[in-house]
>>> print(open('coords.csv').read())   # CSV, C-alpha atoms and all ligand atoms
chain,number,residue,atom,x,y,z
A,1,MET,CA,35.7,43.0,49.4
A,2,GLY,CA,33.0,44.2,51.8
A,3,LEU,CA,32.7,43.2,55.4
A,4,ALA,CA,29.8,40.7,54.6
A,5,ASP,CA,32.1,39.0,52.1
A,6,TYR,CA,34.8,38.8,54.7
A,7,PHE,CA,32.5,37.0,57.1
A,8,ARG,CA,31.1,34.8,54.4
A,9,ASP,CA,34.6,33.8,53.3
A,10,ARG,CA,35.6,33.1,56.7
A,11,SER,CA,32.7,30.7,57.2
A,12,ARG,CA,33.3,29.0,53.9
A,13,SER,CA,36.9,28.3,54.9
A,14,GLY,CA,35.6,26.1,57.7
A,15,SER,CA,34.4,22.5,57.0
A,16,ALA,CA,30.7,23.0,57.8
A,17,HIS,CA,29.8,23.9,54.2
A,18,VAL,CA,31.3,20.7,52.9
A,19,ALA,CA,29.4,18.8,55.6
A,20,LYS,CA,26.2,20.5,54.4
A,21,GLU,CA,26.7,19.8,50.8
A,22,ARG,CA,27.5,16.1,51.4
A,23,LEU,CA,24.5,15.8,53.7
A,24,GLN,CA,22.2,17.3,51.1
A,25,ILE,CA,23.3,14.8,48.5
A,26,ILE,CA,23.2,11.7,50.7
A,27,VAL,CA,19.9,12.6,52.3
A,28,SER,CA,18.1,13.3,49.1
A,29,HIS,CA,19.5,10.1,47.6
A,30,GLU,CA,18.4,8.1,50.6
A,31,ARG,CA,14.9,9.7,50.6
A,32,ALA,CA,14.5,8.7,47.0
A,33,GLN,CA,15.2,5.1,47.8
A,34,ARG,CA,13.0,5.1,50.9
A,35,GLY,CA,9.5,4.0,50.8
A,36,GLY,CA,10.1,2.1,47.6
A,37,PRO,CA,9.4,-1.6,47.7
A,38,ASP,CA,12.2,-3.7,49.4
A,39,TYR,CA,12.5,-5.8,46.3
A,40,LEU,CA,14.0,-3.1,44.1
A,41,PRO,CA,17.7,-3.9,44.7
A,42,THR,CA,17.1,-7.7,44.2
A,43,LEU,CA,15.0,-6.9,41.1
A,44,ARG,CA,17.9,-4.9,39.7
A,45,GLU,CA,20.4,-7.7,40.4
A,46,GLU,CA,18.3,-10.3,38.8
A,47,LEU,CA,17.6,-8.2,35.7
A,48,LEU,CA,21.3,-7.7,35.4
A,49,GLU,CA,21.9,-11.4,35.5
A,50,VAL,CA,19.4,-12.0,32.7
A,51,VAL,CA,20.8,-9.3,30.5
A,52,ARG,CA,24.2,-10.7,31.0
A,53,ARG,CA,23.1,-14.0,29.5
A,54,TYR,CA,22.9,-12.2,26.2
A,55,VAL,CA,25.4,-9.3,26.3
A,56,THR,CA,28.3,-8.2,28.3
A,57,VAL,CA,27.4,-5.2,30.3
A,58,ASP,CA,28.8,-3.6,33.4
A,59,GLN,CA,27.3,-3.2,36.8
A,60,GLU,CA,25.8,0.2,36.0
A,61,ALA,CA,24.0,-1.0,32.8
A,62,VAL,CA,20.7,-1.7,34.6
A,63,ARG,CA,18.9,1.2,36.3
A,64,VAL,CA,15.6,0.9,38.2
A,65,LYS,CA,13.8,4.0,39.2
A,66,LEU,CA,10.6,4.4,41.1
A,67,ASP,CA,8.6,7.5,40.6
A,68,ARG,CA,5.6,8.5,42.6
A,69,HIS,CA,2.8,10.6,41.1
A,70,GLU,CA,-0.4,11.7,42.7
A,71,ASP,CA,-2.4,8.6,41.9
A,72,ARG,CA,0.1,6.0,40.7
A,73,GLU,CA,3.7,4.8,40.8
A,74,THR,CA,5.8,4.1,37.8
A,75,LEU,CA,8.8,1.8,37.6
A,76,GLU,CA,11.3,2.8,35.0
A,77,LEU,CA,13.8,0.3,33.8
A,78,ASN,CA,16.8,1.6,31.9
A,79,ILE,CA,19.1,-0.9,30.3
A,80,THR,CA,22.1,0.5,28.5
A,81,LEU,CA,23.5,-1.9,25.9
A,82,PRO,CA,27.1,-1.7,24.9
A,83,ASP,CA,28.1,0.0,21.6
A,84,ARG,CA,27.6,-2.3,18.6
A,85,SER,CA,30.9,-1.4,17.2
A,86,SER,CA,32.8,-2.5,20.2
B,87,MET,CA,-6.3,13.4,75.8
B,88,SER,CA,-3.1,11.6,76.8
B,89,LYS,CA,-0.1,11.5,74.5
B,90,ILE,CA,2.7,9.1,73.9
B,91,VAL,CA,5.9,11.0,72.9
B,92,VAL,CA,9.1,9.2,71.8
B,93,VAL,CA,12.5,10.8,72.2
B,94,THR,CA,14.7,9.1,69.5
B,95,SER,CA,17.7,9.8,67.3
B,96,GLY,CA,19.2,6.8,65.5
B,97,LYS,CA,22.8,7.7,66.5
B,98,GLY,CA,23.8,7.1,70.1
B,99,GLY,CA,25.0,9.5,72.7
B,100,VAL,CA,23.3,12.6,71.2
B,101,GLY,CA,21.3,13.6,74.3
B,102,LYS,CA,18.1,11.5,74.2
B,103,THR,CA,18.1,10.6,77.9
B,104,THR,CA,19.1,14.1,78.9
B,105,THR,CA,16.2,15.4,76.8
B,106,ALA,CA,13.6,12.9,78.0
B,107,ALA,CA,14.4,13.6,81.6
B,108,ALA,CA,14.3,17.4,81.1
B,109,ILE,CA,11.1,17.5,79.1
B,110,ALA,CA,9.3,15.1,81.4
B,111,ALA,CA,10.3,17.1,84.4
B,112,GLY,CA,9.3,20.3,82.6
B,113,LEU,CA,5.9,19.0,81.6
B,114,ALA,CA,5.2,17.8,85.2
B,115,ARG,CA,6.2,21.2,86.5
B,116,GLU,CA,3.6,22.7,84.2
B,117,GLY,CA,1.0,20.6,85.9
B,118,GLN,CA,0.9,17.8,83.3
B,119,ARG,CA,0.9,14.3,84.9
B,120,THR,CA,3.9,12.8,83.2
B,121,VAL,CA,5.7,9.4,83.2
B,122,VAL,CA,9.0,8.8,81.5
B,123,VAL,CA,9.7,5.2,80.4
B,124,ASP,CA,13.2,3.9,79.9
B,125,PHE,CA,13.3,1.6,76.8
B,126,ASP,CA,17.0,1.1,76.9
B,127,VAL,CA,16.9,-2.6,78.0
B,128,GLY,CA,20.3,-3.6,79.4
B,129,LEU,CA,21.6,-0.1,79.6
B,130,ARG,CA,19.4,1.6,82.2
B,131,ASN,CA,20.5,5.2,82.7
B,132,LEU,CA,17.4,7.4,83.0
B,133,ASP,CA,17.2,6.5,86.7
B,134,LEU,CA,20.7,7.9,87.2
B,135,VAL,CA,19.9,11.1,85.3
B,136,LEU,CA,16.8,11.6,87.4
B,137,GLY,CA,18.6,10.6,90.6
B,138,CYS,CA,16.4,7.8,91.6
B,139,GLU,CA,18.7,4.8,91.0
B,140,ARG,CA,18.6,3.6,94.6
B,141,ARG,CA,14.9,3.5,94.6
B,142,VAL,CA,14.5,1.1,91.7
B,143,VAL,CA,12.9,-2.2,92.9
B,144,TYR,CA,11.0,-3.5,89.9
B,145,ASP,CA,11.4,-2.6,86.3
B,146,PHE,CA,9.6,-2.6,82.9
B,147,VAL,CA,10.4,-6.3,82.2
B,148,ASN,CA,9.2,-7.4,85.7
B,149,VAL,CA,5.9,-5.8,84.9
B,150,ILE,CA,5.6,-7.4,81.5
B,151,GLN,CA,6.5,-10.8,82.9
B,152,GLY,CA,3.9,-10.4,85.6
B,153,ASP,CA,6.4,-10.4,88.5
B,154,ALA,CA,5.3,-7.0,89.6
B,155,ARG,CA,2.3,-4.7,89.2
B,156,LEU,CA,2.8,-1.5,87.3
B,157,HIS,CA,2.3,0.5,90.4
B,158,GLN,CA,5.1,-1.3,92.2
B,159,ALA,CA,7.5,-0.5,89.4
B,160,LEU,CA,6.7,3.2,89.0
B,161,ILE,CA,8.9,5.6,91.0
B,162,LYS,CA,7.5,9.0,92.0
B,163,ASP,CA,10.0,11.8,91.6
B,164,LYS,CA,10.7,13.5,94.9
B,165,ARG,CA,11.4,17.0,93.5
B,166,VAL,CA,8.6,17.4,90.9
B,167,ASP,CA,5.0,16.6,91.7
B,168,GLY,CA,3.3,14.6,89.1
B,169,LEU,CA,6.4,13.0,87.6
B,170,ALA,CA,7.0,9.3,87.6
B,171,ILE,CA,9.6,7.0,86.0
B,172,LEU,CA,9.4,3.4,84.8
B,173,PRO,CA,13.0,2.1,84.8
B,174,ALA,CA,14.4,-0.2,82.2
B,175,SER,CA,15.5,-3.7,83.0
B,176,GLN,CA,19.2,-4.5,83.3
B,177,THR,CA,18.6,-8.0,81.7
B,178,ARG,CA,20.8,-8.9,78.8
B,179,ASP,CA,17.9,-10.5,77.1
B,180,LYS,CA,17.0,-8.1,74.3
B,181,ASP,CA,13.7,-9.9,73.6
B,182,ALA,CA,12.4,-9.4,77.2
B,183,LEU,CA,10.2,-6.6,75.9
B,184,THR,CA,7.4,-8.2,74.0
B,185,ASP,CA,5.1,-6.4,71.5
B,186,GLU,CA,2.0,-7.2,73.5
B,187,GLY,CA,3.6,-6.4,76.8
B,188,VAL,CA,4.7,-3.0,75.7
B,189,ALA,CA,1.3,-2.2,74.2
B,190,GLN,CA,-0.5,-3.2,77.4
B,191,ILE,CA,1.7,-1.2,79.7
B,192,LEU,CA,1.5,1.9,77.5
B,193,ASP,CA,-2.2,1.6,77.4
B,194,ALA,CA,-2.3,1.4,81.2
B,195,LEU,CA,0.0,4.4,81.5
B,196,ARG,CA,-2.2,6.4,79.1
B,197,GLU,CA,-5.1,6.0,81.5
B,198,GLU,CA,-3.2,7.7,84.3
B,199,PHE,CA,-0.9,10.2,82.7
B,200,ASP,CA,-1.3,13.2,80.4
B,201,TYR,CA,2.1,12.5,78.8
B,202,VAL,CA,4.0,9.2,78.4
B,203,ILE,CA,7.6,10.0,77.4
B,204,CYS,CA,9.5,7.1,75.9
B,205,ASP,CA,13.3,7.3,76.1
B,206,SER,CA,14.4,5.3,73.1
B,207,PRO,CA,17.7,3.3,72.9
B,208,ALA,CA,20.1,4.3,70.1
B,209,GLY,CA,19.9,2.5,66.8
B,210,ILE,CA,17.0,1.4,64.6
B,211,GLU,CA,16.7,-2.1,65.9
B,212,ARG,CA,14.0,-3.7,67.9
B,213,GLY,CA,14.3,-1.7,71.0
B,214,ALA,CA,14.1,1.6,69.2
B,215,HIS,CA,11.2,0.3,67.1
B,216,LEU,CA,9.3,-0.6,70.2
B,217,ALA,CA,9.9,2.8,71.8
B,218,SER,CA,8.6,4.5,68.6
B,219,TYR,CA,5.9,2.2,67.5
B,220,HIS,CA,3.0,3.6,69.7
B,221,ALA,CA,4.1,7.3,69.5
B,222,ASP,CA,1.7,10.1,68.8
B,223,GLU,CA,4.5,12.6,68.6
B,224,ALA,CA,8.3,12.2,68.2
B,225,ILE,CA,11.2,14.4,69.3
B,226,VAL,CA,14.1,13.6,67.1
B,227,VAL,CA,17.3,14.6,68.9
B,228,ALA,CA,20.3,15.5,66.6
B,229,ASN,CA,23.7,17.0,67.0
B,230,PRO,CA,25.1,19.4,64.4
B,231,GLU,CA,27.3,16.8,62.9
B,232,VAL,CA,27.1,14.7,59.7
B,233,SER,CA,26.4,11.2,61.0
B,234,SER,CA,23.8,12.4,63.5
B,235,VAL,CA,21.9,14.4,60.9
B,236,ARG,CA,21.9,11.6,58.4
B,237,ASP,CA,20.7,9.1,61.1
B,238,SER,CA,17.9,11.6,62.1
B,239,ASP,CA,16.7,11.6,58.6
B,240,ARG,CA,16.5,7.8,58.5
B,241,VAL,CA,14.6,7.8,61.8
B,242,LEU,CA,12.2,10.3,60.3
B,243,GLY,CA,11.6,7.9,57.5
B,244,LEU,CA,10.9,5.1,59.9
B,245,LEU,CA,8.5,7.2,61.9
B,246,ALA,CA,6.6,7.8,58.7
B,247,SER,CA,6.4,4.2,57.8
B,248,ARG,CA,6.9,1.8,60.7
B,249,THR,CA,4.7,3.1,63.4
B,250,ARG,CA,1.3,2.1,64.5
B,251,ARG,CA,-0.1,5.3,63.1
B,252,ALA,CA,1.5,4.7,59.8
B,253,GLU,CA,0.3,1.1,59.7
B,254,LEU,CA,-3.3,2.0,60.5
B,255,ASN,CA,-3.2,4.9,58.1
B,256,GLU,CA,-4.0,7.3,60.9
B,257,GLU,CA,-2.8,10.9,61.0
B,258,PRO,CA,1.1,10.6,60.9
B,259,VAL,CA,3.3,10.9,64.0
B,260,LYS,CA,3.9,14.6,64.7
B,261,GLU,CA,7.7,15.1,64.3
B,262,HIS,CA,9.8,17.7,66.1
B,263,LEU,CA,13.5,18.3,65.7
B,264,LEU,CA,15.6,19.1,68.8
B,265,LEU,CA,19.2,20.2,68.0
B,266,SER,CA,21.5,19.6,70.9
B,267,ARG,CA,25.1,20.3,71.9
B,268,TYR,CA,25.0,23.4,69.8
B,269,ASP,CA,28.2,25.5,69.9
B,270,PRO,CA,27.6,29.0,68.4
B,271,VAL,CA,31.3,29.8,68.5
B,272,ARG,CA,32.2,26.9,66.3
B,273,VAL,CA,29.2,27.6,64.0
B,274,GLU,CA,30.4,31.2,63.6
B,275,LYS,CA,33.8,29.9,62.6
B,276,GLY,CA,32.2,27.7,60.0
B,277,GLU,CA,33.4,24.5,61.8
B,278,MET,CA,29.9,23.3,62.8
B,279,LEU,CA,26.6,23.0,60.9
B,280,SER,CA,24.3,25.8,61.8
B,281,VAL,CA,20.7,25.3,62.9
B,282,ASP,CA,19.6,26.7,59.5
B,283,ASP,CA,21.7,24.2,57.7
B,284,VAL,CA,20.3,21.3,59.7
B,285,GLN,CA,16.7,22.6,59.2
B,286,GLU,CA,17.2,23.0,55.5
B,287,ILE,CA,18.4,19.4,55.2
B,288,LEU,CA,15.8,17.8,57.4
B,289,ALA,CA,12.9,20.1,56.8
B,290,VAL,CA,11.1,19.3,60.0
B,291,ASP,CA,9.6,21.6,62.7
B,292,LEU,CA,12.3,22.9,65.0
B,293,LEU,CA,11.3,22.4,68.6
B,294,GLY,CA,14.4,23.9,70.0
B,295,VAL,CA,18.2,24.2,70.2
B,296,ILE,CA,20.1,23.2,73.3
B,297,PRO,CA,23.6,24.7,73.7
B,298,GLU,CA,26.6,22.6,74.5
B,299,SER,CA,26.7,23.2,78.3
B,300,GLN,CA,28.6,22.3,81.4
B,301,ALA,CA,25.3,22.5,83.2
B,302,VAL,CA,24.2,19.2,81.6
B,303,LEU,CA,27.2,17.4,83.1
B,304,ASN,CA,26.7,19.1,86.5
B,305,ALA,CA,23.0,18.1,86.5
B,306,SER,CA,23.7,14.5,85.6
B,307,ASN,CA,26.4,14.3,88.2
B,308,ALA,CA,23.9,15.5,90.8
B,309,GLY,CA,21.1,13.2,89.5
B,310,MET,CA,18.8,16.1,88.6
B,311,PRO,CA,17.1,16.9,85.3
B,312,VAL,CA,19.0,20.0,83.9
B,313,ILE,CA,15.7,21.9,83.4
B,314,LEU,CA,15.6,22.3,87.2
B,315,ASP,CA,18.8,24.3,87.0
B,316,GLU,CA,16.9,27.4,86.1
B,317,ASP,CA,19.9,29.7,85.9
B,318,SER,CA,21.7,27.6,83.4
B,319,ASP,CA,21.6,28.1,79.6
B,320,ALA,CA,20.7,24.5,78.9
B,321,GLY,CA,18.0,24.6,81.7
B,322,GLN,CA,16.4,27.7,80.1
B,323,ALA,CA,16.6,26.3,76.6
B,324,TYR,CA,14.8,23.1,77.8
B,325,ALA,CA,12.2,25.3,79.6
B,326,ASP,CA,11.5,27.1,76.3
B,327,VAL,CA,11.2,23.7,74.6
B,328,VAL,CA,8.5,22.6,77.0
B,329,THR,CA,6.6,25.9,76.5
B,330,ARG,CA,6.7,25.5,72.8
B,331,PHE,CA,5.8,21.8,73.0
B,332,LEU,CA,2.7,22.9,75.0
B,333,GLY,CA,1.8,25.3,72.2
B,334,GLY,CA,3.3,28.5,73.6
B,335,GLU,CA,5.6,30.8,71.7
B,336,ARG,CA,9.2,31.5,72.6
B,337,PRO,CA,12.0,32.9,70.4
B,338,HIS,CA,15.0,30.6,69.9
B,339,ARG,CA,17.9,31.6,72.2
B,340,PHE,CA,21.5,30.7,72.7
B,341,LEU,CA,22.1,30.6,68.9
B,342,ALA,CA,24.6,33.4,68.7
B,343,VAL,CA,28.0,34.0,70.3
B,344,GLU,CA,27.6,36.1,73.4
B,345,ARG,CA,29.7,39.2,72.9
B,346,LYS,CA,31.1,40.6,76.1
B,347,GLY,CA,32.2,44.2,76.4
B,348,ILE,CA,35.7,44.9,77.6
B,349,PHE,CA,34.5,44.9,81.2
B,350,GLY,CA,32.7,41.6,80.7
B,351,ARG,CA,35.9,40.2,79.3
B,352,MET,CA,38.0,41.4,82.2
B,353,PHE,CA,35.7,40.6,85.0
B,354,GLY,CA,33.2,38.1,83.6
B,355,GLY,CA,35.7,35.3,83.2
C,401,LIG,N1,23.6,20.0,75.8
C,401,LIG,C1,24.7,19.3,76.2
C,401,LIG,N2,25.8,19.8,76.6
C,401,LIG,C2,26.9,19.1,77.0
C,401,LIG,N3,26.8,17.7,77.2
C,401,LIG,C3,25.6,17.1,76.9
C,401,LIG,C4,24.5,17.8,76.4
C,401,LIG,N4,23.5,16.9,76.1
C,401,LIG,C5,24.0,15.7,76.5
C,401,LIG,N5,25.3,15.8,76.9
C,401,LIG,C6,26.1,14.7,77.4
C,401,LIG,O1,26.3,13.7,76.4
C,401,LIG,C7,26.3,12.4,76.9
C,401,LIG,C8,25.2,11.6,76.3
C,401,LIG,O2,23.9,12.1,76.7
C,401,LIG,P1,22.7,11.2,76.8
C,401,LIG,O3,22.9,10.0,77.7
C,401,LIG,O4,21.5,12.0,77.1
C,401,LIG,O5,22.6,10.7,75.3
C,401,LIG,P2,21.6,9.5,74.7
C,401,LIG,O6,21.3,9.9,73.3
C,401,LIG,O7,20.6,9.1,75.7
C,401,LIG,O8,22.7,8.3,74.7
C,401,LIG,P3,22.4,6.7,74.3
C,401,LIG,O9,22.2,6.7,72.8
C,401,LIG,O10,23.6,6.0,74.8
C,401,LIG,O11,21.1,6.4,75.1
C,401,LIG,C9,26.1,12.6,78.4
C,401,LIG,O12,27.4,12.5,79.0
C,401,LIG,C10,25.5,13.9,78.6
C,401,LIG,O13,25.9,14.5,79.8
C,402,MG,MG,20.0,7.2,76.5
>>> encode(input="coords.csv", output="structure tokens")
Amino acid sequence: MGLADYFRDRSRSGSAHVAKERLQIIVSHERAQRGGPDYLPTLREELLEVVRRYVTVDQEAVRVKLDRHEDRETLELNITLPDRSS
Amino acid sequence: MSKIVVVTSGKGGVGKTTTAAAIAAGLAREGQRTVVVDFDVGLRNLDLVLGCERRVVYDFVNVIQGDARLHQALIKDKRVDGLAILPASQTRDKDALTDEGVAQILDALREEFDYVICDSPAGIERGAHLASYHADEAIVVANPEVSSVRDSDRVLGLLASRTRRAELNEEPVKEHLLLSRYDPVRVEKGEMLSVDDVQEILAVDLLGVIPESQAVLNASNAGMPVILDEDSDAGQAYADVVTRFLGGERPHRFLAVERKGIFGRMFGG
């Protein structure tokens, strides 16, 4: 193990790298939500309610994703239905 | 061309008021006519940091409500020529600052000063929004610590969407990051986020790094902006920040642990 590794190891033993990884995840998640219309969470809840009138699905079954492109925005709805066999 | 600059952070207690006072004094010292406005209604503190607390007669809210003229409320700094302060009100009425009132006063200040520095309260509520709304540039103060960095990112989002410039589709507010209370010893031990880490996460122009420093406490005890303590690390770091803010170049300092030789260790203390 070289000297550089020794220093790298020492810094990885501290808690700062955990802080950095956690921040990278939460910040990118929050940035993706940001700027989207405020109604997205409500839309998701209401869709879930409608779907549940017909099938039993869990909380994660409806996903709403907003994508921004140069000249337009797309709203992607993803509804996962339960296995037919079950 | 006068500029409105907000000093903001989201999280409380990270060093906004310290920074607003230091940068305002630094700009004035460079010959820029500068006023620093305390937006922290109910929690006035800028007057203490600048050492003019006993000279406050009228405040921001008195002017908005028409009980005083702007010039009666402005306090001229006794040490630095060209520096003035507009103190916050101690009223507990959070709605005392009205949208129109703030807009009018900032317009009037623009006429007379080169820089209007707005010291924002913590949070992302109304007070912080009012302090940021008219900004041309923003200095986002963060500490190398998870909740502060996350809040800074939220504030950056608000600057890009909830300001006058954003609403009018003008050129966006120019954003700067100021990392404060930096402790190179703890960074080197891997206990504290490094300036590179924070910059990588926030991806915004780095205006400067202010070290954790006893000089800040000494200065605020004395009622003097720390930038006037020219021998101190924090004072020098803020002086670099002001130079960069005005377009000059300065290498970043106080980022690494100072290594003392054996004599330094024995005699330097
Ligand atoms: N670089 C520094 N080194 C050491 N102490 C500091 C430094 N910067 C700020 N402080 C201290 O941290 C405390 C909070 O600073 P300050 O009042 O400037 O923060 P703030 O962001 O304005 O707080 P608030 O959100 O309450 O308005 C003060 O006691 C100040 O002396
Ligand atoms: Mg403050």
>>> residues_near_point(input="coords.csv", point="(3.7, 4.0, 66.7)", cutoff="10 Å", atoms="all atoms listed in the file", output="MDAnalysis selection string")
chainID B and resid 90:92 215:224 244:254 258:259
>>> write_last_selection(input="coords.csv", atoms="C-alpha atoms", output="PDB file, in the coordinates of the input")
ATOM      1  CA  ILE B  90       2.700   9.100  73.900  1.00  0.00           C
ATOM      2  CA  VAL B  91       5.900  11.000  72.900  1.00  0.00           C
ATOM      3  CA  VAL B  92       9.100   9.200  71.800  1.00  0.00           C
ATOM      4  CA  HIS B 215      11.200   0.300  67.100  1.00  0.00           C
ATOM      5  CA  LEU B 216       9.300  -0.600  70.200  1.00  0.00           C
ATOM      6  CA  ALA B 217       9.900   2.800  71.800  1.00  0.00           C
ATOM      7  CA  SER B 218       8.600   4.500  68.600  1.00  0.00           C
ATOM      8  CA  TYR B 219       5.900   2.200  67.500  1.00  0.00           C
ATOM      9  CA  HIS B 220       3.000   3.600  69.700  1.00  0.00           C
ATOM     10  CA  ALA B 221       4.100   7.300  69.500  1.00  0.00           C
ATOM     11  CA  ASP B 222       1.700  10.100  68.800  1.00  0.00           C
ATOM     12  CA  GLU B 223       4.500  12.600  68.600  1.00  0.00           C
ATOM     13  CA  ALA B 224       8.300  12.200  68.200  1.00  0.00           C
ATOM     14  CA  LEU B 244      10.900   5.100  59.900  1.00  0.00           C
ATOM     15  CA  LEU B 245       8.500   7.200  61.900  1.00  0.00           C
ATOM     16  CA  ALA B 246       6.600   7.800  58.700  1.00  0.00           C
ATOM     17  CA  SER B 247       6.400   4.200  57.800  1.00  0.00           C
ATOM     18  CA  ARG B 248       6.900   1.800  60.700  1.00  0.00           C
ATOM     19  CA  THR B 249       4.700   3.100  63.400  1.00  0.00           C
ATOM     20  CA  ARG B 250       1.300   2.100  64.500  1.00  0.00           C
ATOM     21  CA  ARG B 251      -0.100   5.300  63.100  1.00  0.00           C
ATOM     22  CA  ALA B 252       1.500   4.700  59.800  1.00  0.00           C
ATOM     23  CA  GLU B 253       0.300   1.100  59.700  1.00  0.00           C
ATOM     24  CA  LEU B 254      -3.300   2.000  60.500  1.00  0.00           C
ATOM     25  CA  PRO B 258       1.100  10.600  60.900  1.00  0.00           C
ATOM     26  CA  VAL B 259       3.300  10.900  64.000  1.00  0.00           C
TER      27      VAL B 259
END
>>> residues_around(input="coords.csv", residues="A:Ile26", least_positions_apart="2", cutoff="12 Å", atoms="all atoms listed in the file", output="list in words")
Ala19, Lys20, Glu21, Arg22, Leu23, Gln24, Ser28, His29, Glu30, Arg31, Ala32 and Gln33 of chain A; Val232, Ser233, Val235, Arg236, Asp237, Asp239, Arg240, Ile287 and Leu288 of chain B
>>> residues_near_ligand(input="coords.csv", ligand="ligand LIG 401 (chain C)", cutoff="6 Å", atoms="all atoms listed in the file", output="list of chain:residue names")
B:Gly98, B:Gly99, B:Val100, B:Gly101, B:Lys102, B:Thr103, B:Thr104, B:Pro207, B:Ala208, B:Ser266, B:Arg267, B:Ile296, B:Pro297, B:Glu298, B:Ser299, B:Gln300, B:Val302, B:Leu303
>>> residues_around(input="coords.csv", residues="A:Ile79", least_positions_apart="2", cutoff="8 Å", atoms="only C-alpha atoms", output="list in words")
Ala61, Val62, Arg63, Leu77 and Leu81 of chain A
>>> interface_residues(input="coords.csv", of="chain B", to="chain A", cutoff="6 Å", atoms="all atoms listed in the file", output="list in words")
Lys275, Gly276, Glu277, Met278, Leu279 and Ile287 of chain B
>>> atom_distance(input="coords.csv", atom1="atom CA of B:Tyr201", atom2="atom CA of B:Gln118")
7.1 Å
>>> closest_residue(input="coords.csv", among="B:Leu169, B:Ile225, B:Met87, B:Ala182", to="B:Asp126", atoms="only C-alpha atoms")
B:Ala182
>>> atom_distance(input="coords.csv", atom1="atom CA of B:Asp200", atom2="atom CA of B:Ser318")
27.3 Å
>>> atom_distance(input="coords.csv", atom1="atom CA of B:Asp319", atom2="atom CA of B:Glu261")
24.4 Å
>>> closest_residue(input="coords.csv", among="B:Leu156, B:Val149, B:Leu113, B:Cys204", to="ligand MG 402 (chain C)", atoms="only C-alpha atoms and all ligand atoms")
B:Cys204
>>> residues_near_point(input="coords.csv", point="(6.8, 4.8, 81.0)", cutoff="6 Å", atoms="only C-alpha atoms", output="ChimeraX atom specification")
/B:121-123,172,202
>>> closest_residue(input="coords.csv", among="A:Asp83, A:Val64, A:Glu76, A:Glu70", to="A:Leu40", atoms="all atoms listed in the file")
A:Val64
>>> residues_around(input="coords.csv", residues="A:Glu73", least_positions_apart="4", cutoff="12 Å", atoms="only C-alpha atoms", output="ChimeraX atom specification")
/A:35-37,65-69
>>> closest_residue(input="coords.csv", among="B:Ala111, B:Leu195, B:Ala214, B:Val273", to="ligand MG 402 (chain C)", atoms="only C-alpha atoms and all ligand atoms")
B:Ala214
>>> closest_residue(input="coords.csv", among="B:Gly213, B:Pro230, B:Gly309, B:Gly321", to="B:Asp124", atoms="all atoms listed in the file")
B:Gly213
